[in-house]
Amino acid sequence: MAVAGHSIQTSFGIKAKNPSANLEKNVFAVPVLHHGLSCNGKKLKGKVGNRVQAAQVDLEAAESLKILKSLDLDAVSERELRKKGFLGLRKTKLVCTIGPACSSLEDLEKLVLGGMNVARLNMCHNTREWHRDIIRKIKRLNEEKGFSVSVMIDTEGTQIHVVDHGDPSSLKVQEDSVWLFTNEKFEGSLPFTVQANYEGFSDGIKVGDELVIDGGMACFEVIEKLGSDLRCKCTDPGLFLPRAKFSFWRDGKLVERNYELPTLSTKDWSDIEFGISEGIDFIAMSFVNDAESVKHLKNYLFTKSAKSIRVLAKIESLESLQNLEEIVEASDGIMIARVDLGVEIPLEQIPTVQEEITNLCRQLNKPVIVASQFLESMIEYPTPTRAEVADVSEAVRQYADALMLAGESAIGLFGEKALSVLQTTSSRMETWSHMENRQGSLLQRQLGVSLPDRIAEQICNSAVEMANNLAVDAIFVYTKHGHMASLLSRNRPNPPVFAFTNDESTRMALNLQWGVIPLLVNLSDDMESNISSTIHLIKSKGLVKEGDSVLVVSDVAPSRATPMAFQSIQVIVISHAGQLRNRHVPFLASQIAHLAAKCGEAFTKVAGMSVSSKKLDKDPNPSKNRWIVEILLFLAESLLSFSFF
């Protein structure tokens, strides 16, 4: 079996920093091509100054099915693809918190059909048996209905900032009413008495300080300190929810206190063990203040869990903002817990902080969930406020990977409708962003340090630019651990990214990546056969049609069948009778050192630079060989820059 291919010989151009060295016209005595891509709608056009050899071969369906025995595409994504086409697929992922209002098998199925990609379980509430039942219901739906919903548990944390009045429902706090805040334990509820979870909750607090509940739902003034207890008078009446978050303020500033408590409590470790045994996909880590706690949990999971479980750090404190970049780098993703964050920073700072965190996660290639109070009014009412819809739209405009429902789905009366609002608003905002072509204005920082990582990054950056310029219908990527799929997602391409992987944990992790539709397949060692077979199977399902164009990115580790690492970009146009028209440029990682040495020698001769003749290392030190790295990056760009007839 073979895919029709066009092998393209590309000339490499190196531009000298020394203006006296004229390298723009000829390098290695070969004319340098000026690269460029242009498109008009779906028609690919351009000039090619290369010799091209072409052959077209029919696909053999039977052989394809032998190599790929299955193509496991999520049933909901398949339905949406059939209905809306490639460019109509929603790219922003949706997370729903599961609670009493949506815990039945029927309700869970409705949420999945409504667009839920990840189910979140808040370990602060309900019993271990209840959580186990929900996890197994979701796995049952995945197996029986062909869904692909990931499961996330959210740890409780040390809960040092939690107070509880003991009543199962919210209480109305009247102005000037006096309440006692105590660390004494009691069952049930007592009039005007609030129980704090942490014994030292009042340490360092003075008379006159302000006690704020849930970021301003109700406010109190400390009027008396009785040992470790506080007597407080209500200054701003409002609702007092069960297990509310609190903070202390003095002279308009947060009272910062260092409790020196571990990020994960004994109960959290027990919940994590439970999650490992149930095969969950994500752990959202509460009250993260530094990177070390994240690294500790990831190391623990590596030794204890047979599958890869991703760790998300929740940003919900002033200290976490102060250590933000190191926390993002250490984690597998971020959740912006806006309610808890709003307890510790002024409310007017939340919008800018949200955008800064979202942009940093994009820069560092980590998925980010924006959470809390998107559609809070829909807990009780069937329609959202206009301001809530605008809030959702802003998060989508910022290119957050995912949006999360909390109380709206867990305890709300209209959880399914709330999810529908997220779905339709996200889709509409994505369409607007596409029409405005906003992706081009987003600059990315360089992440890769080693040469192979930098090459992979450049390939994905170039692939997205090509996909947008050529107006292809979809991007296909073949990946083991999801890294190249995430690099493609980071660039927020116009077409959706279909990520083919043979690793189940990678598939479930990619459910949180913007614009990525993960598919579980049985990949062989022959990448060309994998590409041919997957496209044939997708065509056999009626998901692609004649004239559709697909940009394919592959990254194959060395094996017996492919002894050299192989990275490539291909553009494939679906033709009649199941045939493919394919144009590709292979990139052989094993030849990098040899090609770089040749480039270096020529550069030295022309530019008059003095370079020692010692053997080039395959992974050069960028600080010592900066000019070599620049040549290599240009080499990669040249290999990837080509045009079509």
# chains A, B, ... in the order shown; residues from 1 in each chain; ligands from 1
>>> residues_around(residues="segment 495-500 of chain A", least_positions_apart="6", cutoff="7 Å", atoms="only C-alpha atoms", output="VMD selection string")
chain A and resid 86 to 87 472 to 479 485 515 to 521
>>> closest_atom_pairs(of="segment 325-433 of chain A", to="segment 251-256 of chain A", cutoff="10 Å", atoms="only C-alpha atoms", output="Markdown table")
| residue | atom | partner | partner_atom | distance |
| --- | --- | --- | --- | --- |
| A:Val343 | CA | A:Leu254 | CA | 9.0 |
| A:Glu344 | CA | A:Leu254 | CA | 6.4 |
| A:Ile345 | CA | A:Leu254 | CA | 7.3 |
| A:Pro346 | CA | A:Lys253 | CA | 8.6 |
>>> select_by_dssp(residues="segment 179-284 of chain A", states="strand (DSSP E or B)", output="number ranges by chain")
A: 179-182, 193-196, 210-213, 218-226, 229-236, 238-240, 244-250, 253-254, 282-284
>>> residues_around(residues="Phe186 of chain A", least_positions_apart="2", cutoff="12 Å", atoms="only C-alpha atoms", output="list in words")
Asp164, His165, Gly166, Thr182, Asn183, Glu184, Gly188, Ser189, Leu190, Thr193, Val194, Gln195, Ala196 and Asn197 of chain A
>>> write_last_selection(atoms="N, CA and C atoms", output="tab-separated table (two decimals), in the first residue's frame")
chain	number	residue	atom	x	y	z
A	164	ASP	N	-18.06	27.61	58.32
A	164	ASP	CA	-19.34	26.96	58.05
A	164	ASP	C	-20.32	27.30	59.18
A	165	HIS	N	-21.50	27.75	58.79
A	165	HIS	CA	-22.52	28.07	59.80
A	165	HIS	C	-23.34	26.85	60.19
A	166	GLY	N	-23.12	25.70	59.54
A	166	GLY	CA	-23.77	24.47	59.94
A	166	GLY	C	-25.10	24.20	59.29
A	182	THR	N	-15.74	30.90	65.68
A	182	THR	CA	-15.00	30.10	66.64
A	182	THR	C	-14.38	28.88	65.98
A	183	ASN	N	-13.32	28.34	66.59
A	183	ASN	CA	-12.73	27.10	66.08
A	183	ASN	C	-13.20	25.88	66.86
A	184	GLU	N	-14.12	26.09	67.79
A	184	GLU	CA	-14.68	24.97	68.55
A	184	GLU	C	-15.59	24.14	67.64
A	188	GLY	N	-24.25	20.13	63.80
A	188	GLY	CA	-25.41	20.90	63.39
A	188	GLY	C	-25.10	22.38	63.34
A	189	SER	N	-26.09	23.20	63.73
A	189	SER	CA	-25.92	24.65	63.67
A	189	SER	C	-26.33	25.29	64.98
A	190	LEU	N	-25.71	26.43	65.27
A	190	LEU	CA	-26.04	27.23	66.44
A	190	LEU	C	-26.36	28.64	65.97
A	193	THR	N	-23.64	31.62	65.04
A	193	THR	CA	-22.34	31.04	65.35
A	193	THR	C	-21.76	30.39	64.10
A	194	VAL	N	-20.49	30.66	63.84
A	194	VAL	CA	-19.82	30.15	62.65
A	194	VAL	C	-18.58	29.39	63.08
A	195	GLN	N	-18.40	28.20	62.50
A	195	GLN	CA	-17.27	27.34	62.86
A	195	GLN	C	-16.16	27.45	61.82
A	196	ALA	N	-14.95	27.78	62.29
A	196	ALA	CA	-13.78	27.84	61.41
A	196	ALA	C	-13.08	26.49	61.39
A	197	ASN	N	-12.55	26.12	60.23
A	197	ASN	CA	-11.91	24.81	60.09
A	197	ASN	C	-10.54	24.75	60.74
>>> atom_distance(atom1="atom CA of Phe287 of chain A", atom2="atom CA of Arg250 of chain A")
22.2 Å
>>> closest_residue(among="A:Ile98, A:Ile205, A:Leu347, A:Cys234", to="Gly407 of chain A", atoms="only C-alpha atoms")
A:Ile98
>>> atom_distance(atom1="atom CA of Ser377 of chain A", atom2="atom CA of Pro168 of chain A")
19.7 Å
